[in-house]
$ cat protein_7.cif   # mmCIF, C-alpha atoms and all ligand atoms
data_upload
loop_
_atom_site.label_atom_id
_atom_site.label_comp_id
_atom_site.auth_asym_id
_atom_site.auth_seq_id
_atom_site.Cartn_x
_atom_site.Cartn_y
_atom_site.Cartn_z
CA MET M 1212 -18.71 -9.04 16.69
CA PRO M 1213 -17.86 -5.30 16.44
CA GLU M 1214 -20.24 -3.14 14.40
CA THR M 1215 -19.48 -2.22 10.78
CA ARG M 1216 -17.88 1.22 10.31
CA THR M 1217 -16.74 3.36 7.41
CA ALA M 1218 -13.01 4.06 6.93
CA GLY M 1219 -12.00 7.56 5.89
CA VAL M 1220 -8.85 9.59 5.33
CA THR M 1221 -8.11 11.83 8.34
CA GLY M 1222 -4.51 12.86 7.62
CA LEU M 1223 -2.14 13.05 4.65
CA GLY M 1224 1.56 13.56 4.08
CA MET M 1225 4.09 13.36 1.28
CA SER M 1226 7.84 13.36 0.81
CA VAL M 1227 10.02 13.54 -2.30
CA PRO M 1228 13.80 13.74 -2.75
CA SER M 1229 15.27 17.23 -2.97
CA ARG M 1230 17.26 16.43 -6.14
CA VAL M 1231 15.45 17.48 -9.33
CA LEU M 1232 16.34 15.76 -12.61
CA THR M 1233 15.06 17.75 -15.59
CA ASN M 1234 14.57 16.62 -19.17
CA HIS M 1235 17.56 18.78 -20.08
CA ASP M 1236 19.68 16.85 -17.56
CA LEU M 1237 18.56 13.62 -19.27
CA GLU M 1238 19.67 15.02 -22.63
CA GLN M 1239 23.22 14.81 -21.25
CA MET M 1240 22.76 11.16 -20.24
CA VAL M 1241 20.94 9.42 -23.13
CA GLU M 1242 19.91 10.13 -26.74
CA THR M 1243 16.70 12.03 -25.97
CA ASN M 1244 15.34 15.56 -25.90
CA ASP M 1245 13.01 17.69 -23.84
CA ALA M 1246 10.43 18.05 -26.64
CA TRP M 1247 10.09 14.26 -27.13
CA ILE M 1248 9.70 13.60 -23.42
CA ARG M 1249 7.13 16.37 -22.93
CA GLU M 1250 5.10 15.44 -26.03
CA ARG M 1251 5.11 11.68 -25.45
CA THR M 1252 4.76 11.66 -21.63
CA GLY M 1253 3.97 15.16 -20.28
CA ILE M 1254 6.93 14.93 -17.90
CA ARG M 1255 9.20 17.98 -17.39
CA GLU M 1256 11.15 16.87 -14.32
CA ARG M 1257 11.25 14.22 -11.62
CA ARG M 1258 12.79 13.81 -8.15
CA ILE M 1259 15.61 11.30 -7.73
CA ALA M 1260 16.83 9.80 -4.45
CA ALA M 1261 20.41 10.35 -3.33
CA SER M 1262 22.68 7.35 -2.79
CA GLY M 1263 22.02 7.18 0.97
CA GLU M 1264 18.26 7.46 0.54
CA SER M 1265 15.89 4.54 0.06
CA THR M 1266 12.16 3.83 -0.06
CA SER M 1267 11.88 3.86 3.75
CA SER M 1268 13.43 7.38 3.92
CA PHE M 1269 10.48 8.89 2.06
CA ALA M 1270 7.92 6.51 3.54
CA PHE M 1271 8.99 7.58 7.03
CA GLU M 1272 8.81 11.33 6.33
CA ALA M 1273 5.45 11.08 4.58
CA SER M 1274 4.11 8.96 7.46
CA LEU M 1275 5.24 11.41 10.11
CA ARG M 1276 3.50 14.25 8.26
CA ALA M 1277 0.29 12.23 7.84
CA LEU M 1278 0.25 11.34 11.55
CA ASN M 1279 0.79 15.01 12.49
CA ALA M 1280 -2.02 16.07 10.18
CA ALA M 1281 -4.35 13.52 11.79
CA GLY M 1282 -3.24 14.49 15.30
CA LEU M 1283 -2.22 10.90 15.99
CA GLU M 1284 0.73 9.75 18.10
CA PRO M 1285 2.91 6.95 16.61
CA ALA M 1286 2.09 4.80 19.66
CA GLU M 1287 -1.60 4.92 18.70
CA VAL M 1288 -1.03 3.40 15.23
CA GLU M 1289 -2.26 -0.19 15.07
CA LEU M 1290 -1.26 -1.19 11.53
CA ILE M 1291 1.23 0.10 8.95
CA ILE M 1292 0.98 -1.07 5.35
CA VAL M 1293 3.71 0.07 2.97
CA ALA M 1294 2.66 -0.29 -0.65
CA THR M 1295 5.84 -0.66 -2.68
CA ALA M 1296 7.55 -2.53 -5.50
CA THR M 1297 10.99 -1.27 -4.44
CA PRO M 1298 11.37 -2.20 -0.77
CA ASP M 1299 14.62 -1.34 0.99
CA MET M 1300 15.40 -5.08 1.01
CA LEU M 1301 13.61 -8.25 -0.13
CA PHE M 1302 13.03 -8.77 3.58
CA PRO M 1303 12.38 -7.60 6.22
CA ALA M 1304 9.40 -5.54 5.11
CA THR M 1305 9.97 -1.82 4.63
CA ALA M 1306 6.87 -1.31 6.80
CA CYS M 1307 8.83 -2.74 9.75
CA LEU M 1308 11.64 -0.23 9.16
CA VAL M 1309 9.08 2.60 9.10
CA GLN M 1310 7.39 1.21 12.23
CA HIS M 1311 10.71 1.30 14.07
CA GLN M 1312 11.66 4.79 12.87
CA LEU M 1313 8.27 6.15 13.89
CA GLY M 1314 8.37 4.42 17.26
CA ALA M 1315 4.95 2.93 16.50
CA LYS M 1316 5.42 0.26 19.15
CA ARG M 1317 1.90 -1.20 19.04
CA ALA M 1318 1.62 -1.44 15.24
CA ALA M 1319 1.59 -4.54 13.05
CA ALA M 1320 3.50 -3.88 9.83
CA PHE M 1321 3.73 -5.45 6.40
CA ASP M 1322 4.43 -4.55 2.78
CA LEU M 1323 2.00 -4.99 -0.07
CA GLU M 1324 3.15 -5.34 -3.66
CA ALA M 1325 0.77 -4.95 -6.58
CA GLY M 1326 2.94 -2.89 -8.95
CA CYS M 1327 1.78 0.69 -9.35
CA SER M 1328 -1.69 -0.35 -8.11
CA SER M 1329 -0.21 -1.15 -4.69
CA PHE M 1330 -1.59 1.95 -2.98
CA ILE M 1331 -5.19 1.25 -4.06
CA TYR M 1332 -4.80 -2.37 -2.93
CA ALA M 1333 -3.32 -1.22 0.40
CA MET M 1334 -6.13 1.30 0.97
CA ALA M 1335 -8.64 -1.48 0.34
CA VAL M 1336 -6.91 -3.76 2.87
CA GLY M 1337 -6.52 -1.04 5.50
CA ALA M 1338 -10.15 0.06 5.10
CA GLN M 1339 -11.31 -3.52 5.70
CA PHE M 1340 -9.65 -3.62 9.13
CA ILE M 1341 -11.55 -0.48 10.07
CA SER M 1342 -14.90 -1.37 8.56
CA THR M 1343 -14.94 -4.74 10.36
CA GLY M 1344 -14.32 -2.92 13.63
CA CYS M 1345 -10.96 -4.65 14.27
CA LEU M 1346 -8.80 -1.51 14.20
CA ARG M 1347 -9.23 2.27 14.52
CA ASN M 1348 -5.87 3.73 13.41
CA VAL M 1349 -4.26 2.47 10.20
CA LEU M 1350 -1.36 4.08 8.32
CA VAL M 1351 -1.21 3.36 4.58
CA VAL M 1352 1.91 4.47 2.72
CA GLY M 1353 2.65 4.38 -1.01
CA ALA M 1354 6.41 4.62 -1.52
CA ASP M 1355 8.82 3.77 -4.31
CA THR M 1356 12.32 4.57 -5.52
CA LEU M 1357 12.21 3.21 -9.06
CA SER M 1358 15.38 5.18 -9.83
CA LYS M 1359 17.22 2.42 -7.97
CA ILE M 1360 16.14 -0.26 -10.49
CA THR M 1361 16.14 1.94 -13.61
CA ASP M 1362 18.58 1.25 -16.44
CA TRP M 1363 19.98 4.74 -16.86
CA ARG M 1364 21.25 3.82 -20.35
CA ASP M 1365 17.75 2.86 -21.62
CA ARG M 1366 16.07 6.00 -22.95
CA SER M 1367 12.72 4.23 -23.35
CA THR M 1368 12.34 3.84 -19.57
CA CYS M 1369 14.77 6.14 -17.74
CA VAL M 1370 12.88 9.30 -18.69
CA LEU M 1371 9.64 8.05 -17.12
CA PHE M 1372 10.20 7.49 -13.42
CA GLY M 1373 10.71 9.47 -10.22
CA ASP M 1374 10.94 8.71 -6.49
CA GLY M 1375 8.82 9.63 -3.47
CA ALA M 1376 6.13 8.67 -0.99
CA GLY M 1377 2.66 9.63 0.12
CA ALA M 1378 0.87 8.49 3.26
CA VAL M 1379 -2.66 8.55 4.65
CA VAL M 1380 -4.16 7.84 8.04
CA LEU M 1381 -7.36 5.78 7.89
CA GLN M 1382 -9.80 6.03 10.79
CA PRO M 1383 -13.53 5.44 11.30
CA VAL M 1384 -15.56 8.38 9.97
CA GLU M 1385 -19.23 9.30 9.89
CA PRO M 1386 -21.17 8.70 6.64
CA PRO M 1387 -21.42 10.05 4.01
CA ARG M 1388 -17.61 10.40 4.32
CA GLY M 1389 -15.19 7.54 3.75
CA VAL M 1390 -14.28 4.81 1.29
CA LEU M 1391 -17.48 4.19 -0.68
CA SER M 1392 -16.41 1.47 -3.10
CA VAL M 1393 -13.35 -0.48 -4.20
CA VAL M 1394 -12.52 -2.48 -7.33
CA LEU M 1395 -9.36 -4.64 -7.48
CA ARG M 1396 -8.27 -6.75 -10.47
CA ALA M 1397 -5.24 -8.71 -11.70
CA ASP M 1398 -4.19 -10.60 -14.83
CA GLY M 1399 -0.90 -12.47 -14.47
CA SER M 1400 -0.87 -13.41 -18.15
CA GLY M 1401 0.67 -9.95 -18.65
CA ALA M 1402 3.44 -10.50 -16.09
CA ASP M 1403 6.18 -10.23 -18.72
CA LEU M 1404 5.08 -6.80 -19.92
CA LEU M 1405 6.64 -5.04 -16.95
CA LYS M 1406 9.12 -6.71 -14.61
CA MET M 1407 12.50 -6.81 -12.94
CA PRO M 1408 13.75 -10.24 -14.07
CA ALA M 1409 16.50 -10.97 -11.53
CA GLY M 1410 17.02 -10.76 -7.80
CA GLY M 1411 14.16 -13.06 -6.78
CA SER M 1412 13.98 -16.84 -6.34
CA ARG M 1413 13.53 -17.53 -10.06
CA LEU M 1414 16.75 -15.82 -11.08
CA PRO M 1415 18.81 -15.17 -7.95
CA THR M 1416 21.46 -12.48 -8.04
CA SER M 1417 24.72 -13.68 -9.57
CA GLU M 1418 27.67 -12.18 -11.42
CA GLU M 1419 25.94 -13.20 -14.63
CA THR M 1420 22.61 -11.48 -13.79
CA ALA M 1421 24.50 -8.35 -12.77
CA ARG M 1422 26.56 -8.40 -15.98
CA SER M 1423 23.44 -8.88 -18.10
CA GLY M 1424 21.65 -5.97 -16.45
CA LEU M 1425 18.75 -8.14 -15.29
CA HIS M 1426 18.26 -6.13 -12.10
CA HIS M 1427 16.65 -3.34 -14.04
CA LEU M 1428 13.02 -2.67 -14.82
CA VAL M 1429 12.05 -3.81 -18.34
CA MET M 1430 8.81 -2.79 -19.98
CA ASN M 1431 6.77 -3.11 -23.16
CA GLY M 1432 5.57 0.50 -23.21
CA ARG M 1433 3.12 0.27 -26.11
CA GLU M 1434 1.25 -2.76 -24.73
CA ILE M 1435 1.13 -1.24 -21.24
CA PHE M 1436 -0.28 1.97 -22.70
CA LYS M 1437 -3.21 0.18 -24.37
CA PHE M 1438 -3.91 -1.94 -21.31
CA ALA M 1439 -3.79 1.09 -18.99
CA VAL M 1440 -6.52 3.09 -20.72
CA ARG M 1441 -8.89 0.12 -21.04
CA ALA M 1442 -8.32 -1.34 -17.55
CA MET M 1443 -8.48 1.94 -15.65
CA GLY M 1444 -11.57 2.99 -17.62
CA GLU M 1445 -13.39 -0.21 -16.70
CA ALA M 1446 -12.32 -0.11 -13.04
CA ALA M 1447 -13.30 3.54 -12.61
CA ALA M 1448 -16.73 2.93 -14.13
CA GLU M 1449 -17.27 -0.12 -11.94
CA ALA M 1450 -16.23 1.72 -8.76
CA LEU M 1451 -18.83 4.39 -9.52
CA ARG M 1452 -21.49 1.79 -10.29
CA SER M 1453 -20.89 -0.29 -7.18
CA GLY M 1454 -20.86 2.83 -5.00
CA GLY M 1455 -24.18 3.98 -6.50
CA LEU M 1456 -22.39 7.09 -7.80
CA LYS M 1457 -22.66 9.05 -11.04
CA GLN M 1458 -19.70 10.28 -13.05
CA GLU M 1459 -21.03 13.91 -12.72
CA GLU M 1460 -20.70 13.64 -8.92
CA VAL M 1461 -16.91 13.19 -9.10
CA ASP M 1462 -15.19 16.37 -7.86
CA CYS M 1463 -11.61 15.23 -8.37
CA PHE M 1464 -10.33 12.38 -10.53
CA ILE M 1465 -6.91 11.08 -9.46
CA PRO M 1466 -5.45 8.58 -11.92
CA HIS M 1467 -2.04 6.93 -11.55
CA GLN M 1468 0.46 9.44 -12.91
CA ALA M 1469 2.34 7.49 -15.59
CA ASN M 1470 1.82 9.46 -18.79
CA VAL M 1471 -0.32 12.50 -19.54
CA ARG M 1472 -1.53 10.89 -22.79
CA ILE M 1473 -2.87 7.91 -20.83
CA ILE M 1474 -4.60 10.29 -18.40
CA ASP M 1475 -6.13 12.38 -21.22
CA ALA M 1476 -7.41 9.28 -23.05
CA LEU M 1477 -8.87 7.93 -19.83
CA ALA M 1478 -10.59 11.20 -18.87
CA LYS M 1479 -12.09 11.39 -22.35
CA ARG M 1480 -13.35 7.82 -22.10
CA LEU M 1481 -14.99 8.62 -18.74
CA CYS M 1482 -16.35 12.00 -20.00
CA LEU M 1483 -14.58 13.86 -17.17
CA PRO M 1484 -13.73 17.52 -17.89
CA PRO M 1485 -10.03 18.54 -17.58
CA GLU M 1486 -10.70 20.78 -14.54
CA LYS M 1487 -11.68 17.69 -12.53
CA VAL M 1488 -8.58 15.70 -13.47
CA LEU M 1489 -5.51 15.96 -11.27
CA ILE M 1490 -2.20 15.92 -13.15
CA ASN M 1491 1.21 16.31 -11.51
CA VAL M 1492 3.21 13.85 -13.63
CA ASP M 1493 4.90 16.91 -15.18
CA ARG M 1494 6.69 17.60 -11.85
CA TYR M 1495 7.28 14.13 -10.43
CA GLY M 1496 7.23 11.64 -13.33
CA ASN M 1497 5.84 8.21 -12.55
CA THR M 1498 6.44 7.59 -8.84
CA SER M 1499 4.71 4.17 -8.96
CA SER M 1500 2.92 3.37 -5.66
CA ALA M 1501 3.49 6.95 -4.46
CA SER M 1502 1.78 8.67 -7.36
CA ILE M 1503 -1.81 8.52 -6.09
CA PRO M 1504 -1.16 9.46 -2.44
CA ILE M 1505 1.12 12.34 -3.55
CA ALA M 1506 -1.59 13.57 -5.93
CA LEU M 1507 -4.26 13.15 -3.23
CA TYR M 1508 -2.11 15.12 -0.78
CA GLU M 1509 -1.66 17.94 -3.31
CA ALA M 1510 -5.37 17.97 -4.17
CA VAL M 1511 -6.28 18.38 -0.49
CA SER M 1512 -3.55 20.90 0.33
CA THR M 1513 -4.45 23.12 -2.65
CA GLY M 1514 -8.18 22.96 -1.84
CA ARG M 1515 -9.17 20.99 -4.95
CA ILE M 1516 -10.51 18.37 -2.55
CA LYS M 1517 -12.46 19.75 0.42
CA SER M 1518 -14.41 18.08 3.17
CA GLY M 1519 -17.28 16.24 1.46
CA SER M 1520 -15.65 16.17 -2.02
CA LEU M 1521 -15.90 12.95 -4.00
CA ALA M 1522 -12.51 11.70 -5.23
CA LEU M 1523 -12.14 8.82 -7.65
CA LEU M 1524 -8.73 7.12 -7.51
CA VAL M 1525 -7.65 4.70 -10.23
CA ALA M 1526 -4.40 2.85 -10.92
CA PHE M 1527 -2.73 0.20 -13.08
CA GLY M 1528 0.63 -1.47 -12.91
CA ALA M 1529 2.89 -4.48 -13.07
CA GLY M 1530 1.26 -7.84 -12.48
CA LEU M 1531 -0.72 -6.86 -14.37
CA THR M 1532 -2.88 -5.23 -11.72
CA TRP M 1533 -5.44 -2.46 -11.71
CA GLY M 1534 -8.08 -1.00 -9.45
CA ALA M 1535 -10.20 1.97 -8.43
CA LEU M 1536 -11.51 3.46 -5.20
CA ALA M 1537 -14.21 6.07 -4.58
CA LEU M 1538 -13.55 8.24 -1.53
CA ARG M 1539 -15.76 10.91 0.04
CA TYR M 1540 -13.16 13.08 1.80
N1 LIG W 1601 13.66 9.97 -26.41
C1 LIG W 1601 13.58 9.96 -27.76
N2 LIG W 1601 13.07 8.96 -28.46
C2 LIG W 1601 12.62 7.90 -27.80
C3 LIG W 1601 12.68 7.82 -26.40
C4 LIG W 1601 13.23 8.90 -25.70
N3 LIG W 1601 13.33 8.94 -24.35
N4 LIG W 1601 12.15 6.64 -26.00
C5 LIG W 1601 11.77 5.99 -27.11
N5 LIG W 1601 12.05 6.74 -28.19
C6 LIG W 1601 11.83 6.43 -29.59
C7 LIG W 1601 11.70 4.95 -29.85
O1 LIG W 1601 12.98 4.36 -30.02
C8 LIG W 1601 10.90 4.92 -31.13
O2 LIG W 1601 11.77 5.18 -32.20
P1 LIG W 1601 11.58 4.37 -33.59
O3 LIG W 1601 10.22 4.74 -34.07
O4 LIG W 1601 12.70 4.88 -34.41
O5 LIG W 1601 11.70 2.91 -33.22
C9 LIG W 1601 9.98 6.13 -30.99
O6 LIG W 1601 10.56 6.97 -29.97
C10 LIG W 1601 8.57 5.77 -30.58
O7 LIG W 1601 8.64 4.84 -29.51
P2 LIG W 1601 7.37 4.26 -28.83
O8 LIG W 1601 7.76 3.29 -27.77
O9 LIG W 1601 6.38 3.80 -29.88
O10 LIG W 1601 6.79 5.58 -28.16
P3 LIG W 1601 5.41 5.78 -27.47
O11 LIG W 1601 4.70 6.87 -28.10
O12 LIG W 1601 4.68 4.46 -27.26
O13 LIG W 1601 5.86 6.29 -26.03
C11 LIG W 1601 6.09 5.47 -23.80
C12 LIG W 1601 6.64 5.46 -25.20
C13 LIG W 1601 6.19 6.89 -23.27
C14 LIG W 1601 6.92 4.52 -22.93
C15 LIG W 1601 4.60 5.02 -23.83
O14 LIG W 1601 4.47 3.84 -24.56
C16 LIG W 1601 4.04 4.81 -22.45
O15 LIG W 1601 3.93 5.73 -21.66
N6 LIG W 1601 3.63 3.58 -22.16
C17 LIG W 1601 3.09 3.24 -20.86
C18 LIG W 1601 4.23 3.04 -19.92
C19 LIG W 1601 3.78 3.03 -18.49
O16 LIG W 1601 2.80 3.64 -18.13
N7 LIG W 1601 4.53 2.33 -17.68
C20 LIG W 1601 4.33 2.26 -16.28
C21 LIG W 1601 3.27 1.29 -15.93
S1 LIG W 1601 3.31 0.68 -14.32
C22 LIG W 1601 4.22 1.65 -13.43
O17 LIG W 1601 3.79 2.75 -13.27
C23 LIG W 1601 5.54 1.21 -12.89
#
$ encode --input "protein_7.cif" --output "C-alpha cells" --more "lines below"
Ligand code: ACO
Amino acid sequence: MPETRTAGVTGLGMSVPSRVLTNHDLEQMVETNDAWIRERTGIRERRIAASGESTSSFAFEASLRALNAAGLEPAEVELIIVATATPDMLFPATACLVQHQLGAKRAAAFDLEAGCSSFIYAMAVGAQFISTGCLRNVLVVGADTLSKITDWRDRSTCVLFGDGAGAVVLQPVEPPRGVLSVVLRADGSGADLLKMPAGGSRLPTSEETARSGLHHLVMNGREIFKFAVRAMGEAAAEALRSGGLKQEEVDCFIPHQANVRIIDALAKRLCLPPEKVLINVDRYGNTSSASIPIALYEAVSTGRIKSGSLALLVAFGAGLTWGALALRY
C-alpha cells in the first residue's frame, strides 16, 4: 500500500470569454436597470460565450495555463476531472474532450456535477487520489457556460450569470502545505429550488419542452439566498474545526461568487474582515463551478495568496449541495 501524502495546488489557470455584457447592455434586453443589479447582486458585468464556444473551450484554455504554471506536460497528467453543470453534451464527458484537446494521452477523465459546489467536490475527489498514493498529477477544472441555459427574457435570472473556467494542478506537496480539510454536504429535498427541468431522462427533449422553455435554468432566488448563508457558514466553520484551524488564521476567504450580499452576510457570520474576503462577482457574475478556481487564480496572481497562505474555499449550489475546503497554498 503506498504511503499517505498531502495534495496541494502547484499550478493555476483561468479563461473567460472575451465578450463583456454590462448591466447597461441588459437594460436593452429586459426590464431592469444598472442600479438594481448592482444593489441587489453586486454585479457590474459578466463574460458571455460566443455561439461557437462551449464549456470545453474555456476548460481547455484554463487547463493549458494551469499545466504551464505547474511545469507539467499533458502526457504526464493521470486524471482530469471537469466540474460542470453545463457539459458540452450529456455525454461523452467534457473531461474527455479536454483530455483529447490537451493530448493528455495517459489521463483518465470524467465529469463531476454537484451544481455550483462541483469544484469543491472535484478538489476533494482529486486530492483523495493523491493522498492515497494512487496518482501524482491530477488536473481539476471548474467550468460552466450558464449563458447557454439562461432564459434571456427572465430578468430574475439572466442578470446573474457569466461564463468561464478555472483549473488547478494537484500534486503531492510537503506539509504544512496542501489540502488540510474538506466538508461536503447535500440535501436533495431542495432539488426543485434550482434546476433545468428538461433535457434529461425525466423530461426528454421534445417540441413541447422546447416550446415551454423547459431547457432553461429556473430558480427560487429568495430560498436559495437563505440556504446559501446558513449552509456555507456551517461548512466553513466545520472545515476550520476539522482541520484544527482558527478563523483568525485564514489569510484569504474565497466564497462562491453568486451575490455580494450573500458574501457579506457570510463573512459577517464568520467574523472575517472585508480585507480577507475575495470578491470578483462584480466583474464575472456567477460563473457556477468556475467561480472558485477563477477567484483562487486571481488571489494567487495578485499576491493576495502567497506560498504558505491559508485559503478557505466555500460553495453552495443546485442539488442542493454545499461544501468547504481549507488549503495551505
Ligand atoms: N431588475 C429589476 N427588478 C428585478 C429584477 C431585475 N433584474 N429581478 C427581480 N426584480 C424584482 C422582482 O420582480 C421583485 O419585484 P416585486 O417586489 O414587484 O415582486 C423585486 O425585484 C424583488 O425581487 P426579489 O426576488 O425579492 O429580490 P432579491 O432581493 O431576493 O434578489 C436575487 C433576487 C438577486 C436573485 C437574490 O434572491 C439572490 O441572489 N438569490 C440567490 C441566488 C443564487 O445565488 N443563485 C445561484 C445559486 S447556485 C449557482 O450558483 C448556479
$ atom_distance --input "protein_7.cif" --atom1 "CA of Ala1376 in chain M" --atom2 "CA of Ala1270 in chain M"
5.3 Å
$ closest_atom_pairs --input "protein_7.cif" --of "chain M" --to "ligand LIG 1601 (chain W)" --cutoff "6 Å" --atoms "all atoms listed in the file" --output "tab-separated table"
residue	atom	partner	partner_atom	distance
M:Thr1243	CA	W:LIG1601	N1	3.7
M:Asn1244	CA	W:LIG1601	N1	5.9
M:Trp1247	CA	W:LIG1601	C1	5.6
M:Ile1248	CA	W:LIG1601	N3	6.0
M:Arg1251	CA	W:LIG1601	C13	5.4
M:Thr1252	CA	W:LIG1601	C13	5.2
M:Cys1327	CA	W:LIG1601	C22	4.8
M:Arg1366	CA	W:LIG1601	N3	4.3
M:Ser1367	CA	W:LIG1601	N4	3.6
M:Val1370	CA	W:LIG1601	N3	5.7
M:Gly1432	CA	W:LIG1601	O14	3.8
M:Arg1433	CA	W:LIG1601	O14	4.1
M:Ile1435	CA	W:LIG1601	C17	4.9
M:Phe1436	CA	W:LIG1601	C17	4.0
M:Ala1469	CA	W:LIG1601	O16	4.6
M:Asn1470	CA	W:LIG1601	O15	5.2
M:Asn1497	CA	W:LIG1601	O17	5.9
M:Ser1499	CA	W:LIG1601	O17	4.6
M:Gly1528	CA	W:LIG1601	S1	3.7
M:Ala1529	CA	W:LIG1601	S1	5.3
$ write_last_selection --input "protein_7.cif" --atoms "C-alpha atoms" --output "short mmCIF file (atom, residue, chain, number, x, y, z; two decimals), keeping the file's coordinate frame"
data_model
loop_
_atom_site.label_atom_id
_atom_site.label_comp_id
_atom_site.auth_asym_id
_atom_site.auth_seq_id
_atom_site.Cartn_x
_atom_site.Cartn_y
_atom_site.Cartn_z
CA THR M 1243 16.70 12.03 -25.97
CA ASN M 1244 15.34 15.56 -25.90
CA TRP M 1247 10.09 14.26 -27.13
CA ILE M 1248 9.70 13.60 -23.42
CA ARG M 1251 5.11 11.68 -25.45
CA THR M 1252 4.76 11.66 -21.63
CA CYS M 1327 1.78 0.69 -9.35
CA ARG M 1366 16.07 6.00 -22.95
CA SER M 1367 12.72 4.23 -23.35
CA VAL M 1370 12.88 9.30 -18.69
CA GLY M 1432 5.57 0.50 -23.21
CA ARG M 1433 3.12 0.27 -26.11
CA ILE M 1435 1.13 -1.24 -21.24
CA PHE M 1436 -0.28 1.97 -22.70
CA ALA M 1469 2.34 7.49 -15.59
CA ASN M 1470 1.82 9.46 -18.79
CA ASN M 1497 5.84 8.21 -12.55
CA SER M 1499 4.71 4.17 -8.96
CA GLY M 1528 0.63 -1.47 -12.91
CA ALA M 1529 2.89 -4.48 -13.07
#
$ atom_distance --input "protein_7.cif" --atom1 "CA of Asp1475 in chain M" --atom2 "CA of Ser1518 in chain M"
26.4 Å
$ closest_residue --input "protein_7.cif" --among "M:Val1336, M:Ala1319, M:Ile1259, M:Ala1478" --to "Ala1304 in chain M" --atoms "all atoms listed in the file"
M:Ala1319
$ residues_around --input "protein_7.cif" --residues "Ala1333 in chain M" --least-positions-apart "2" --cutoff "8 Å" --atoms "only C-alpha atoms" --output "NGL selection string"
:M and (1292-1294 or 1323 or 1329-1331 or 1335-1337 or 1351)
$ residues_near_point --input "protein_7.cif" --point "(7.5, -6.0, -18.6)" --cutoff "12 Å" --atoms "all atoms listed in the file" --output "PyMOL selection string"
chain M and resi 1326+1368+1399-1408+1425+1427-1436+1528-1531
$ write_last_selection --input "protein_7.cif" --atoms "C-alpha atoms" --output "PDB file, keeping the file's coordinate frame"
ATOM      1  CA  GLY M1326       2.940  -2.890  -8.950  1.00  0.00           C
ATOM      2  CA  THR M1368      12.340   3.840 -19.570  1.00  0.00           C
ATOM      3  CA  GLY M1399      -0.900 -12.470 -14.470  1.00  0.00           C
ATOM      4  CA  SER M1400      -0.870 -13.410 -18.150  1.00  0.00           C
ATOM      5  CA  GLY M1401       0.670  -9.950 -18.650  1.00  0.00           C
ATOM      6  CA  ALA M1402       3.440 -10.500 -16.090  1.00  0.00           C
ATOM      7  CA  ASP M1403       6.180 -10.230 -18.720  1.00  0.00           C
ATOM      8  CA  LEU M1404       5.080  -6.800 -19.920  1.00  0.00           C
ATOM      9  CA  LEU M1405       6.640  -5.040 -16.950  1.00  0.00           C
ATOM     10  CA  LYS M1406       9.120  -6.710 -14.610  1.00  0.00           C
ATOM     11  CA  MET M1407      12.500  -6.810 -12.940  1.00  0.00           C
ATOM     12  CA  PRO M1408      13.750 -10.240 -14.070  1.00  0.00           C
ATOM     13  CA  LEU M1425      18.750  -8.140 -15.290  1.00  0.00           C
ATOM     14  CA  HIS M1427      16.650  -3.340 -14.040  1.00  0.00           C
ATOM     15  CA  LEU M1428      13.020  -2.670 -14.820  1.00  0.00           C
ATOM     16  CA  VAL M1429      12.050  -3.810 -18.340  1.00  0.00           C
ATOM     17  CA  MET M1430       8.810  -2.790 -19.980  1.00  0.00           C
ATOM     18  CA  ASN M1431       6.770  -3.110 -23.160  1.00  0.00           C
ATOM     19  CA  GLY M1432       5.570   0.500 -23.210  1.00  0.00           C
ATOM     20  CA  ARG M1433       3.120   0.270 -26.110  1.00  0.00           C
ATOM     21  CA  GLU M1434       1.250  -2.760 -24.730  1.00  0.00           C
ATOM     22  CA  ILE M1435       1.130  -1.240 -21.240  1.00  0.00           C
ATOM     23  CA  PHE M1436      -0.280   1.970 -22.700  1.00  0.00           C
ATOM     24  CA  GLY M1528       0.630  -1.470 -12.910  1.00  0.00           C
ATOM     25  CA  ALA M1529       2.890  -4.480 -13.070  1.00  0.00           C
ATOM     26  CA  GLY M1530       1.260  -7.840 -12.480  1.00  0.00           C
ATOM     27  CA  LEU M1531      -0.720  -6.860 -14.370  1.00  0.00           C
TER      28      LEU M1531
END
$ atom_distance --input "protein_7.cif" --atom1 "CA of Ala1501 in chain M" --atom2 "CA of Leu1477 in chain M"
19.7 Å
$ closest_residue --input "protein_7.cif" --among "M:Thr1532, M:Gln1468, M:Ser1512, M:Thr1416" --to "Met1225 in chain M" --atoms "only C-alpha atoms"
M:Ser1512
$ closest_residue --input "protein_7.cif" --among "M:Gly1282, M:Gly1344, M:Pro1386, M:Gly1222" --to "Leu1507 in chain M" --atoms "all atoms listed in the file"
M:Gly1222
$ axis_aligned_box --input "protein_7.cif" --around "range 1263-1277 of chain M" --padding-each-side "8 Å" --output "AutoDock Vina command-line options"
--center_x 11.2 --center_y 9.0 --center_z 5.0 --size_x 37.7 --size_y 26.4 --size_z 26.2
$ closest_residue --input "protein_7.cif" --among "M:Leu1357, M:Val1471, M:Leu1481, M:Val1461" --to "Ile1516 in chain M" --atoms "all atoms listed in the file"
M:Val1461
$ residues_around --input "protein_7.cif" --residues "Glu1459 in chain M" --least-positions-apart "5" --cutoff "12 Å" --atoms "all atoms listed in the file" --output "CSV table (one decimal) with C-alpha atoms, in the frame of the given file"
chain,number,residue,atom,x,y,z
M,1448,ALA,CA,-16.7,2.9,-14.1
M,1451,LEU,CA,-18.8,4.4,-9.5
M,1464,PHE,CA,-10.3,12.4,-10.5
M,1481,LEU,CA,-15.0,8.6,-18.7
M,1482,CYS,CA,-16.4,12.0,-20.0
M,1483,LEU,CA,-14.6,13.9,-17.2
M,1484,PRO,CA,-13.7,17.5,-17.9
M,1487,LYS,CA,-11.7,17.7,-12.5
M,1521,LEU,CA,-15.9,13.0,-4.0
M,1522,ALA,CA,-12.5,11.7,-5.2
M,1523,LEU,CA,-12.1,8.8,-7.6
$ residues_around --input "protein_7.cif" --residues "Thr1420 in chain M" --least-positions-apart "6" --cutoff "10 Å" --atoms "all atoms listed in the file" --output "PyMOL selection string"
chain M and resi 1408-1410+1414+1426
$ closest_residue --input "protein_7.cif" --among "M:Ala1506, M:Gly1375, M:Ala1442, M:Ser1520" --to "Ala1273 in chain M" --atoms "only C-alpha atoms"
M:Gly1375
$ closest_residue --input "protein_7.cif" --among "M:Gly1454, M:Gly1411, M:Pro1466, M:Gly1519" --to "Phe1302 in chain M" --atoms "only C-alpha atoms"
M:Gly1411
